[in-house]
Amino acid sequence: MSQKVNEEKEMTFWDHLEDLRGGLIRSIAVLLVASIVLFFFKNFLFDDLILAPTRSDFFLYKWLGVDVSLKLVNIEVAAQFMIHIKVTFICAIIICCPYLIYEIWRFISPALYKHEIVATRKAFLFASVLFYAGLVVGYTVVLPLMVNFFHSYSVSEAVENTISLSSYMGTVTSTVLLFGLVFEFPTLIAILSQLGLVTKQMLKSGWRYAVCVVVVLAALITPSGDPFSLGVVSVPLFILYWISILVCKEALPEEEELDEQ
């Protein structure tokens, strides 16, 4: 019979509350320390990382042979300082994400059985790897393609694009974090599979519809619509779909009979 890891030491409600409070305090402290440290690396965060897609020396622009020189302007008094604080905090969350996940794991693990601990640990690791992979794809591929398109697009030659720092930062954070979440799709499928709502057979049989959805989604993400951009964005999404098939459970024989009926 499976036994919980906390069988030797039962925790009361107040013990759980105290443990939760300690985890929150530690998490906040780690985030504050990381934010303070990152605050003093302003040149690296902005010049070498965040603003890199605004220059032609960005590696994707070199591959595409695209000349991009985007000049940003600031139109608000405190915008640059507030953006500096916001960026350092977001980067601190991204960097400290493994530790934050560890604190969540530390809090819930006493309530799990031994076989559940192994499964949950793998799920946390799987979700973390996919999240960081999504951030990388969003930053290195999708963001520069969007920047290049919107920078060069104009409804008339009489209208000149003057992009504010706040607008650019909003695009950076929303695009990169969105792809981090999009890459959690296989994790969602794995959960739905465990609940019996999705099976491997369902995903395999619906691959043609998935192709259409992926192409449409890629076209929305890359408004330029050129074949190269569509391909670059579509390939990671297709890979996600097939990863979802791999992590999905096989349908039981009785379930297959019900589906056929």
# chains A, B, ... in the order shown; residues from 1 in each chain; ligands from 1
call {"tool": "residues_around", "arguments": {"residues": "Lys86 (chain A)", "least_positions_apart": "4", "cutoff": "12 Å", "atoms": "only C-alpha atoms", "output": "PyMOL selection string"}}
result
chain A and resi 35-36+38-39+42+45+79-82+90-93+166+169-170+173
call {"tool": "closest_atom_pairs", "arguments": {"of": "region 137-232 of chain A", "to": "region 69-76 of chain A", "cutoff": "7 Å", "atoms": "only C-alpha atoms", "output": "tab-separated table"}}
result
residue	atom	partner	partner_atom	distance
A:Ile163	CA	A:Leu72	CA	5.4
A:Ser164	CA	A:Val73	CA	4.7
A:Leu165	CA	A:Leu72	CA	5.5
call {"tool": "residues_around", "arguments": {"residues": "region 203-215 of chain A", "least_positions_apart": "2", "cutoff": "9 Å", "atoms": "only C-alpha atoms", "output": "list in words"}}
result
Val198, Thr199, Lys200, Gln201, Leu217, Ala218, Ala219, Leu220, Leu230, Gly231, Val233, Ser234, Val235, Leu237, Phe238, Tyr241, Trp242, Ser244, Ile245 and Cys248 of chain A
call {"tool": "closest_residue", "arguments": {"among": "A:Val182, A:Ile28, A:Leu246, A:Val87", "to": "Ile50 (chain A)", "atoms": "only C-alpha atoms"}}
result
A:Val87
call {"tool": "atom_distance", "arguments": {"atom1": "CA of Phe183 (chain A)", "atom2": "CA of Thr54 (chain A)"}}
result
24.8 Å
call {"tool": "closest_residue", "arguments": {"among": "A:Asp67, A:Ala123, A:Asp19, A:Phe89", "to": "Val33 (chain A)", "atoms": "only C-alpha atoms"}}
result
A:Phe89
call {"tool": "select_by_dssp", "arguments": {"residues": "region 121-184 of chain A", "states": "alpha helix (DSSP H)", "output": "MDAnalysis selection string"}}
result
chainID A and resid 121:137 143:152 165:182
call {"tool": "residues_around", "arguments": {"residues": "Val129 (chain A)", "least_positions_apart": "2", "cutoff": "12 Å", "atoms": "only C-alpha atoms", "output": "list in words"}}
result
Cys97, Pro98, Lys122, Ala123, Phe124, Leu125, Phe126, Ala127, Phe131, Tyr132, Ala133, Gly134, Leu135, Val136, Gly180, Leu181, Phe183, Glu184, Pro186 and Thr187 of chain A
call {"tool": "write_last_selection", "arguments": {"atoms": "C-alpha atoms", "output": "PDB file, in the first residue's frame"}}
result
ATOM      1  CA  CYS A  97      11.547  30.552 -11.404  1.00  0.00           C
ATOM      2  CA  PRO A  98      13.276  27.229 -10.515  1.00  0.00           C
ATOM      3  CA  LYS A 122       8.856  15.134 -13.539  1.00  0.00           C
ATOM      4  CA  ALA A 123       5.896  17.396 -14.368  1.00  0.00           C
ATOM      5  CA  PHE A 124       7.553  20.412 -12.718  1.00  0.00           C
ATOM      6  CA  LEU A 125      10.818  19.745 -14.567  1.00  0.00           C
ATOM      7  CA  PHE A 126       9.026  19.218 -17.893  1.00  0.00           C
ATOM      8  CA  ALA A 127       6.995  22.430 -17.506  1.00  0.00           C
ATOM      9  CA  PHE A 131       8.716  27.540 -20.357  1.00  0.00           C
ATOM     10  CA  TYR A 132      12.353  28.527 -20.829  1.00  0.00           C
ATOM     11  CA  ALA A 133      12.356  27.097 -24.359  1.00  0.00           C
ATOM     12  CA  GLY A 134       9.331  29.257 -25.136  1.00  0.00           C
ATOM     13  CA  LEU A 135      11.089  32.345 -23.804  1.00  0.00           C
ATOM     14  CA  VAL A 136      14.091  31.651 -26.036  1.00  0.00           C
ATOM     15  CA  GLY A 180       6.682  30.966 -22.626  1.00  0.00           C
ATOM     16  CA  LEU A 181       3.049  30.165 -21.845  1.00  0.00           C
ATOM     17  CA  PHE A 183       5.111  26.254 -24.860  1.00  0.00           C
ATOM     18  CA  GLU A 184       3.252  24.894 -21.830  1.00  0.00           C
ATOM     19  CA  PRO A 186       2.245  19.785 -23.890  1.00  0.00           C
ATOM     20  CA  THR A 187       2.001  20.131 -20.104  1.00  0.00           C
TER      21      THR A 187
END
call {"tool": "residues_around", "arguments": {"residues": "Gly138 (chain A)", "least_positions_apart": "4", "cutoff": "8 Å", "atoms": "only C-alpha atoms", "output": "list in words"}}
result
Gly134, Val142, Leu143, Thr175, Val176, Leu177, Leu178, Phe179 and Gly180 of chain A
call {"tool": "select_by_dssp", "arguments": {"residues": "region 3-252 of chain A", "states": "strand (DSSP E)", "output": "VMD selection string"}}
result
chain A and resid 72 to 73 163 to 164
call {"tool": "write_last_selection", "arguments": {"atoms": "all heavy atoms", "output": "CSV table (one decimal), in the first residue's frame"}}
result
chain,number,residue,atom,x,y,z
A,72,LEU,N,14.3,54.4,-30.5
A,72,LEU,CA,13.2,54.6,-29.6
A,72,LEU,C,13.2,56.0,-28.9
A,72,LEU,O,14.3,56.5,-28.7
A,72,LEU,CB,13.2,53.5,-28.5
A,72,LEU,CG,13.2,52.1,-29.0
A,72,LEU,CD1,13.4,51.1,-27.8
A,72,LEU,CD2,12.0,51.8,-29.7
A,73,VAL,N,12.0,56.5,-28.5
A,73,VAL,CA,11.9,57.8,-27.8
A,73,VAL,C,11.2,57.6,-26.5
A,73,VAL,O,10.4,56.7,-26.4
A,73,VAL,CB,11.2,58.8,-28.7
A,73,VAL,CG1,12.0,59.1,-30.0
A,73,VAL,CG2,9.8,58.4,-29.0
A,163,ILE,N,8.5,55.2,-32.4
A,163,ILE,CA,8.1,54.3,-31.5
A,163,ILE,C,8.6,54.6,-30.1
A,163,ILE,O,9.8,54.9,-29.9
A,163,ILE,CB,8.6,52.9,-31.8
A,163,ILE,CG1,8.0,52.5,-33.2
A,163,ILE,CG2,8.1,51.8,-30.8
A,163,ILE,CD1,8.5,51.2,-33.8
A,164,SER,N,7.7,54.6,-29.1
A,164,SER,CA,8.1,55.0,-27.7
A,164,SER,C,8.7,53.8,-27.0
A,164,SER,O,8.5,52.6,-27.4
A,164,SER,CB,6.9,55.5,-27.0
A,164,SER,OG,6.0,54.4,-26.7
call {"tool": "closest_residue", "arguments": {"among": "A:Gly65, A:Val30, A:Ile108, A:Leu51", "to": "Thr171 (chain A)", "atoms": "only C-alpha atoms"}}
result
A:Leu51
call {"tool": "atom_distance", "arguments": {"atom1": "CA of Tyr61 (chain A)", "atom2": "CA of Val141 (chain A)"}}
result
9.9 Å
call {"tool": "closest_residue", "arguments": {"among": "A:Ser128, A:Ser56, A:Asn43, A:Thr140", "to": "Val232 (chain A)", "atoms": "only C-alpha atoms"}}
result
A:Thr140
call {"tool": "residues_around", "arguments": {"residues": "Ser27 (chain A)", "least_positions_apart": "4", "cutoff": "7 Å", "atoms": "only C-alpha atoms", "output": "list in words"}}
result
Gly23, Leu31 and Leu100 of chain A
call {"tool": "closest_residue", "arguments": {"among": "A:Val216, A:Ile221, A:Ala158, A:Leu20", "to": "Ser174 (chain A)", "atoms": "only C-alpha atoms"}}
result
A:Ile221
call {"tool": "atom_distance", "arguments": {"atom1": "CA of Asn148 (chain A)", "atom2": "CA of Pro236 (chain A)"}}
result
20.1 Å
